[in-house]
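Shown next: entry-v8.cif, given as mmCIF, C-alpha atoms.
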```
data_model
loop_
_atom_site.label_atom_id
_atom_site.label_comp_id
_atom_site.auth_asym_id
_atom_site.auth_seq_id
_atom_site.Cartn_x
_atom_site.Cartn_y
_atom_site.Cartn_z
CA MET I 44 1.72 15.89 -8.58
CA ASN I 45 -0.40 13.99 -6.07
CA GLY I 46 -1.74 10.50 -6.68
CA PHE I 47 -0.76 6.95 -7.57
CA LEU I 48 0.95 5.32 -10.50
CA ASN I 49 0.19 1.66 -11.04
CA ILE I 50 3.56 0.45 -12.32
CA LEU I 51 4.21 -2.90 -13.97
CA LYS I 52 7.56 -3.72 -12.39
CA PRO I 53 9.85 -5.70 -14.69
CA PRO I 54 11.84 -8.71 -13.45
CA GLY I 55 15.42 -7.96 -12.42
CA MET I 56 14.62 -4.55 -10.91
CA THR I 57 14.18 -3.68 -7.24
CA SER I 58 11.11 -1.88 -5.96
CA ALA I 59 13.42 0.89 -4.68
CA ALA I 60 14.83 1.34 -8.21
CA VAL I 61 11.28 1.79 -9.53
CA VAL I 62 10.72 4.53 -6.94
CA GLY I 63 13.95 6.22 -8.05
CA THR I 64 12.84 6.16 -11.68
CA VAL I 65 9.45 7.66 -10.81
CA LYS I 66 11.14 10.41 -8.80
CA ARG I 67 13.17 11.31 -11.85
CA LEU I 68 10.19 11.24 -14.20
CA THR I 69 7.90 13.29 -11.97
CA GLY I 70 10.43 15.63 -10.39
CA GLU I 71 8.67 14.91 -7.10
CA LYS I 72 10.77 14.16 -4.00
CA ARG I 73 7.94 12.45 -2.13
CA VAL I 74 7.60 9.07 -3.83
CA GLY I 75 7.22 5.63 -2.28
CA HIS I 76 5.90 2.18 -3.10
CA ALA I 77 3.07 0.35 -1.37
CA GLY I 78 4.31 -3.21 -0.93
CA THR I 79 7.74 -4.56 -1.89
CA LEU I 80 8.00 -6.96 -4.81
CA ASP I 81 10.99 -9.30 -5.11
CA PRO I 82 13.63 -8.11 -7.62
CA GLU I 83 13.22 -11.19 -9.83
CA ALA I 84 9.41 -10.98 -9.74
CA ALA I 85 7.27 -8.88 -12.06
CA GLY I 86 3.86 -7.31 -11.68
CA VAL I 87 1.78 -4.67 -9.96
CA LEU I 88 3.70 -2.15 -7.85
CA PRO I 89 1.57 0.78 -6.59
CA VAL I 90 3.70 3.91 -6.42
CA MET I 91 2.60 6.86 -4.29
CA VAL I 92 3.46 10.35 -5.52
CA GLY I 93 3.38 13.64 -3.61
CA GLN I 94 0.83 13.91 -0.82
CA ALA I 95 -0.45 10.43 -1.67
CA THR I 96 2.60 9.06 0.20
CA ARG I 97 0.82 10.05 3.40
CA LEU I 98 -2.09 7.71 2.64
CA PHE I 99 -0.01 4.52 3.01
CA ASP I 100 -1.55 3.51 6.35
CA TYR I 101 -5.06 3.74 4.91
CA LEU I 102 -4.54 1.59 1.83
CA VAL I 103 -5.97 -1.90 1.63
CA ASP I 104 -3.00 -4.08 0.75
CA LYS I 105 -4.22 -7.23 2.45
CA GLU I 106 -5.72 -8.57 -0.76
CA LYS I 107 -3.03 -9.74 -3.15
CA GLN I 108 -3.00 -12.11 -6.08
CA TYR I 109 -0.04 -13.86 -7.67
CA VAL I 110 0.53 -16.18 -10.60
CA ALA I 111 3.45 -18.47 -9.78
CA GLU I 112 5.17 -21.59 -11.00
CA CYS I 113 6.22 -24.11 -8.38
CA ALA I 114 9.06 -26.31 -9.66
CA PHE I 115 9.52 -29.74 -8.09
CA GLY I 116 12.77 -31.70 -7.94
CA LEU I 117 15.05 -29.00 -6.49
CA ALA I 118 15.15 -26.85 -3.36
CA THR I 119 17.39 -23.76 -3.13
CA ASP I 120 18.71 -21.58 -0.34
CA THR I 121 16.75 -18.58 -1.68
CA GLN I 122 13.60 -20.64 -2.36
CA ASP I 123 13.62 -19.43 -5.97
CA ALA I 124 15.44 -20.22 -9.21
CA GLN I 125 18.30 -17.80 -8.43
CA GLY I 126 19.67 -19.66 -5.44
CA ARG I 127 22.10 -22.45 -4.70
CA VAL I 128 20.66 -25.95 -4.87
CA THR I 129 20.31 -27.42 -1.38
CA ALA I 130 18.30 -30.58 -2.10
CA ARG I 131 17.34 -32.77 -5.05
CA GLY I 132 14.59 -35.33 -5.52
CA ASP I 133 13.13 -37.35 -8.36
CA CYS I 134 9.78 -38.19 -6.74
CA CYS I 135 7.94 -35.34 -8.46
CA PRO I 136 4.22 -35.36 -7.56
CA ASP I 137 1.28 -35.53 -9.92
CA LEU I 138 -1.29 -32.73 -10.06
CA ALA I 139 -3.72 -34.51 -7.73
CA THR I 140 -1.04 -34.77 -5.04
CA VAL I 141 -0.16 -31.10 -5.39
CA ARG I 142 -3.84 -30.18 -5.15
CA ARG I 143 -4.24 -32.07 -1.88
CA ALA I 144 -1.16 -30.30 -0.50
CA ALA I 145 -2.46 -26.91 -1.65
CA ASP I 146 -5.73 -27.52 0.19
CA ARG I 147 -3.74 -27.99 3.39
CA LEU I 148 -2.06 -24.61 2.87
CA THR I 149 -5.19 -22.47 2.63
CA GLY I 150 -6.79 -20.43 5.38
CA ASP I 151 -4.77 -19.06 8.29
CA ILE I 152 -1.45 -20.90 8.26
CA TRP I 153 1.96 -20.58 9.88
CA GLN I 154 4.76 -19.76 7.50
CA ARG I 155 8.49 -19.27 7.94
CA PRO I 156 9.94 -16.78 5.41
CA GLY I 157 13.28 -17.75 3.93
CA ALA I 158 16.65 -16.48 5.08
CA TYR I 159 16.87 -14.39 1.89
CA SER I 160 13.83 -12.25 2.74
CA ALA I 161 13.59 -8.53 3.41
CA LEU I 162 12.42 -9.08 6.97
CA LYS I 163 14.62 -7.22 9.42
CA GLN I 164 16.45 -8.64 12.43
CA ASP I 165 18.09 -6.11 14.73
CA GLY I 166 17.45 -3.47 12.09
CA LYS I 167 19.19 -5.37 9.28
CA PRO I 168 17.43 -7.28 6.46
CA LEU I 169 17.82 -11.04 6.75
CA TYR I 170 19.10 -11.34 3.18
CA GLN I 171 22.05 -9.10 4.03
CA ARG I 172 22.94 -11.30 6.98
CA ALA I 173 22.54 -14.45 4.87
CA ARG I 174 24.76 -13.09 2.11
CA ALA I 175 27.37 -12.23 4.73
CA GLY I 176 27.46 -15.89 5.71
CA GLU I 177 25.51 -15.58 8.97
CA ALA I 178 23.21 -18.41 10.00
CA VAL I 179 19.78 -16.79 10.15
CA GLU I 180 16.23 -18.06 10.52
CA ALA I 181 13.10 -15.98 10.26
CA PRO I 182 10.47 -16.50 12.96
CA LEU I 183 7.24 -18.29 12.16
CA ARG I 184 4.36 -15.95 11.38
CA GLN I 185 0.72 -16.40 10.61
CA VAL I 186 -0.50 -15.46 7.14
CA HIS I 187 -3.77 -15.93 5.30
CA ILE I 188 -4.11 -17.75 2.00
CA GLU I 189 -7.60 -17.44 0.61
CA HIS I 190 -7.30 -19.78 -2.34
CA ILE I 191 -4.77 -21.67 -4.46
CA ALA I 192 -5.95 -22.52 -7.98
CA LEU I 193 -3.85 -25.00 -9.95
CA HIS I 194 -3.85 -24.47 -13.73
CA GLY I 195 -1.86 -27.46 -14.88
CA GLU I 196 1.58 -28.96 -15.25
CA MET I 197 4.47 -27.12 -16.89
CA PRO I 198 7.71 -28.40 -18.45
CA ARG I 199 10.50 -29.57 -16.13
CA HIS I 200 8.19 -30.68 -13.31
CA GLY I 201 6.50 -27.31 -12.83
CA VAL I 202 2.95 -26.53 -11.72
CA LEU I 203 1.33 -23.20 -12.60
CA MET I 204 -0.97 -21.71 -9.97
CA THR I 205 -2.81 -18.58 -8.90
CA VAL I 206 -2.63 -17.61 -5.22
CA ASP I 207 -5.05 -15.21 -3.53
CA CYS I 208 -3.56 -14.23 -0.20
CA GLY I 209 -3.15 -11.60 2.46
CA ARG I 210 -0.36 -9.25 3.35
CA GLY I 211 2.99 -10.72 4.34
CA THR I 212 2.64 -14.01 2.47
CA TYR I 213 5.83 -15.29 0.86
CA ILE I 214 5.05 -17.24 -2.30
CA ARG I 215 8.62 -18.61 -2.34
CA SER I 216 8.03 -20.14 1.09
CA LEU I 217 4.66 -21.44 -0.07
CA CYS I 218 6.34 -23.31 -2.94
CA GLU I 219 8.90 -24.83 -0.57
CA ASP I 220 6.10 -25.89 1.79
CA LEU I 221 4.20 -27.48 -1.11
CA GLY I 222 7.31 -29.53 -1.83
CA LYS I 223 7.59 -30.67 1.77
CA LEU I 224 3.96 -31.77 1.87
CA CYS I 225 4.37 -33.62 -1.43
CA GLY I 226 7.57 -35.33 -0.30
CA CYS I 227 9.70 -33.68 -3.01
CA PRO I 228 12.02 -30.63 -2.86
CA ALA I 229 10.54 -27.58 -4.59
CA HIS I 230 11.22 -23.92 -5.30
CA MET I 231 9.53 -20.97 -7.00
CA ARG I 232 10.50 -20.66 -10.66
CA PHE I 233 8.32 -17.71 -11.69
CA LEU I 234 6.26 -15.01 -9.97
CA LEU I 235 3.88 -12.35 -11.28
CA ARG I 236 1.80 -10.16 -8.97
CA THR I 237 -1.51 -9.50 -10.68
CA ARG I 238 -3.20 -7.57 -7.87
CA SER I 239 -2.27 -5.47 -4.87
CA GLY I 240 -5.31 -4.08 -3.09
CA ALA I 241 -7.21 -1.87 -5.53
CA PHE I 242 -4.42 -2.00 -8.14
CA THR I 243 -4.64 -4.65 -10.85
CA LEU I 244 -2.47 -5.84 -13.71
CA ASP I 245 -4.87 -4.78 -16.48
CA SER I 246 -4.47 -1.10 -15.58
CA ALA I 247 -0.70 -1.12 -14.88
CA MET I 248 1.77 0.84 -17.02
CA THR I 249 5.36 -0.04 -17.82
CA LEU I 250 8.20 2.30 -16.89
CA GLU I 251 8.76 2.83 -20.63
CA GLU I 252 5.17 4.03 -20.97
CA ALA I 253 5.59 6.29 -17.95
CA ALA I 254 8.75 7.75 -19.48
CA GLY I 255 6.89 8.40 -22.73
CA TYR I 256 4.11 10.22 -20.89
CA ALA I 257 6.69 12.27 -18.97
CA ALA I 258 8.46 13.22 -22.20
CA SER I 259 5.17 14.44 -23.69
CA GLY I 260 4.20 16.29 -20.53
CA THR I 261 1.14 14.11 -19.90
CA LEU I 262 2.26 11.91 -16.99
CA ALA I 263 0.14 13.88 -14.50
CA GLU I 264 -2.94 12.97 -16.55
CA HIS I 265 -2.25 9.30 -15.87
CA LEU I 266 -2.07 9.66 -12.10
CA ILE I 267 -4.75 7.77 -10.20
CA SER I 268 -6.51 10.15 -7.82
CA PRO I 269 -5.41 9.94 -4.16
CA ASP I 270 -8.85 8.80 -2.98
CA ALA I 271 -9.37 6.10 -5.64
CA PRO I 272 -7.75 3.26 -3.61
CA LEU I 273 -9.67 4.33 -0.47
CA GLU I 274 -13.16 3.26 -1.47
CA HIS I 275 -13.21 0.75 1.39
CA LEU I 276 -13.48 3.71 3.78
CA PRO I 277 -16.90 5.35 4.38
CA ALA I 278 -17.31 8.66 2.51
CA LEU I 279 -18.79 11.77 4.09
CA HIS I 280 -19.53 15.08 2.42
CA LEU I 281 -19.00 18.61 3.66
CA PRO I 282 -20.85 21.60 2.27
CA GLU I 283 -18.71 23.24 -0.43
CA ARG I 284 -18.44 26.38 1.71
CA LEU I 285 -16.32 24.45 4.26
CA TRP I 286 -13.56 23.67 1.77
CA LYS I 287 -11.22 26.36 3.10
CA GLN I 288 -11.69 25.23 6.71
CA ALA I 289 -10.96 21.67 5.68
CA CYS I 290 -7.73 22.69 3.93
CA ASN I 291 -6.63 24.38 7.14
CA GLY I 292 -7.35 21.31 9.26
CA VAL I 293 -10.11 22.94 11.30
CA HIS I 294 -12.00 20.38 13.38
CA LEU I 295 -15.69 20.23 12.50
CA GLN I 296 -18.85 19.47 14.41
CA ALA I 297 -20.21 16.08 13.39
CA GLU I 298 -23.60 17.59 12.66
CA GLN I 299 -22.01 19.68 9.89
CA VAL I 300 -21.28 16.54 7.87
CA SER I 301 -23.93 14.38 6.28
CA GLY I 302 -23.85 10.85 7.70
CA ALA I 303 -21.19 11.46 10.34
CA PRO I 304 -23.34 10.66 13.40
CA ASP I 305 -23.92 7.11 12.09
CA GLN I 306 -20.22 6.23 12.02
CA PRO I 307 -18.54 4.58 15.05
CA GLU I 308 -15.94 6.67 16.79
CA ASP I 309 -12.34 6.42 15.51
CA THR I 310 -13.47 4.95 12.16
CA PRO I 311 -11.32 6.48 9.37
CA LEU I 312 -13.57 8.44 7.02
CA ARG I 313 -13.04 9.98 3.59
CA LEU I 314 -14.18 13.59 3.67
CA TYR I 315 -15.15 15.65 0.64
CA ALA I 316 -16.13 19.28 0.17
CA GLY I 317 -18.43 19.11 -2.80
CA GLU I 318 -16.57 16.74 -5.13
CA ARG I 319 -13.09 17.55 -3.82
CA PHE I 320 -11.28 15.09 -1.57
CA CYS I 321 -10.20 16.78 1.67
CA GLY I 322 -8.52 13.98 3.57
CA ILE I 323 -9.12 11.46 6.37
CA ALA I 324 -10.96 12.22 9.60
CA ALA I 325 -12.63 10.31 12.43
CA ARG I 326 -15.49 11.11 14.78
CA GLU I 327 -14.62 11.78 18.41
CA LYS I 328 -17.81 12.37 20.40
CA ASP I 329 -19.57 15.28 18.71
CA ARG I 330 -16.79 16.47 16.42
CA LEU I 331 -14.72 15.28 13.48
CA VAL I 332 -10.99 15.26 14.07
CA TRP I 333 -8.60 15.24 11.12
CA ARG I 334 -6.18 12.38 10.79
CA LEU I 335 -4.72 13.65 7.53
CA VAL I 336 -5.47 16.73 5.42
CA MET I 337 -4.95 16.80 1.66
CA ASN I 338 -4.51 19.90 -0.48
CA GLY I 339 -3.28 21.81 2.53
CA PRO I 340 0.04 22.39 4.32
CA ASP I 341 1.78 19.14 5.27
CA ASP I 342 1.81 20.04 8.96
CA HIS I 343 -1.99 20.26 9.23
CA GLN I 344 -2.48 16.83 10.74
CA SER I 345 -3.72 15.50 14.06
#
```
Can you present the structure in this file as structure tokens?
Amino acid sequence: MNGFLNILKPPGMTSAAVVGTVKRLTGEKRVGHAGTLDPEAAGVLPVMVGQATRLFDYLVDKEKQYVAECAFGLATDTQDAQGRVTARGDCCPDLATVRRAADRLTGDIWQRPGAYSALKQDGKPLYQRARAGEAVEAPLRQVHIEHIALHGEMPRHGVLMTVDCGRGTYIRSLCEDLGKLCGCPAHMRFLLRTRSGAFTLDSAMTLEEAAGYAASGTLAEHLISPDAPLEHLPALHLPERLWKQACNGVHLQAEQVSGAPDQPEDTPLRLYAGERFCGIAAREKDRLVWRLVMNGPDDHQS
């Protein structure tokens, strides 16, 4: 089984536990997820199965979308509703004030992830150090927030919003920063990831649905093809007769492939023999060199 499953991760489950469940359902040892989602959050979790695990570096995961609720009046040590209260305030802002603060947090901004994040320090996740009682602080890092849309006020001083952002953005930290700009402690009360790269919420399946497909022997039919999330890469086509050479990782002359001479060197390219996806290659001078070969032995890579 080679491809992707677009899983709707439930709240209260780790991304690693989802991978373990998919391993059991597919019987495939090579399974991984593309982008961790907080245990208490729900939403889109792309899961790579079989040879698709080798495509991780070529996926577009910079474009993410979240629906979140920012709750004003309390700050917590985990920046979400599960943590210990560290600050209280009764100066909860109105929607116009939150909107002005949100405008200041769009574009390229500097963000400091919380101590209870999965970022590693000396090879150990920060949240493990924090839970062990160590005083930890994540370094500032630049992230990109494309847009923050406010949808209205919620009960108990909450504001519902949609955030379009890039890779590495912590929505929990964003909520805390909104509170600081509004002059009132805040934390994240709810989080749903609605998009991760090419994977969207409307096409995601629950683990219960995946289990049902596995029980009926139809789970493979619901796999998303390995090349489907790679449409951002230019596609080149080999003659059908070169399929066997492609499967064996044989380097090809650029002139053998339609369109190859027009591509800059070292640009990752999707290669097909007829309609079959062969893998990823790049042009080096007058030849195409494989970066990753699909449908062939795992060791046929450059």
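When all atoms listed in the file are used to measure the gap to Met248 (chain I), the shortest distance among I:Leu266, I:Met231, I:Ala297, I:Ala192 belongs to I:Leu266.
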- Determine the residue set returned by the PyMOL selection byres ((chain I and resi 314) around 9) for the present structure, and present it as a PyMOL selection string. chain I and resi 277-281+289+300+312-313+315-316+319-324
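If only C-alpha atoms are the atoms counted, then among I:Tyr213, I:Tyr170, I:Tyr256, I:Phe47 the closest residue to Val186 (chain I) is I:Tyr213.
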Please, which residues in region 188-216 of chain I fall within 12 Å of region 75-99 of chain I when counting only C-alpha atoms, and what is the closest atom pair and distance in Å to one decimal for each, ordered by chain then residue number, as CSV?
```
residue,atom,partner,partner_atom,distance
I:Gly209,CA,I:Gly78,CA,11.7
I:Arg210,CA,I:Gly78,CA,8.8
I:Gly211,CA,I:Gly78,CA,9.3
I:Thr212,CA,I:Gly78,CA,11.4
I:Tyr213,CA,I:Asp81,CA,9.9
I:Ile214,CA,I:Asp81,CA,10.3
I:Arg215,CA,I:Asp81,CA,10.0
```
- Item | Nearest to Lys287 (chain I) by atom-to-atom distance, counting all atoms listed in the file, from I:Met337, I:Cys134, I:Cys208, I:Leu224 | I:Met337
- Query: Taking (-2.7, -14.1, 5.3) in the file's coordinates as the center, which residues reach within 12 Å of it, counting only C-alpha atoms, put as a PyMOL selection string?
  - Reply: chain I and resi 104-108+148-154+184-190+206-214+217
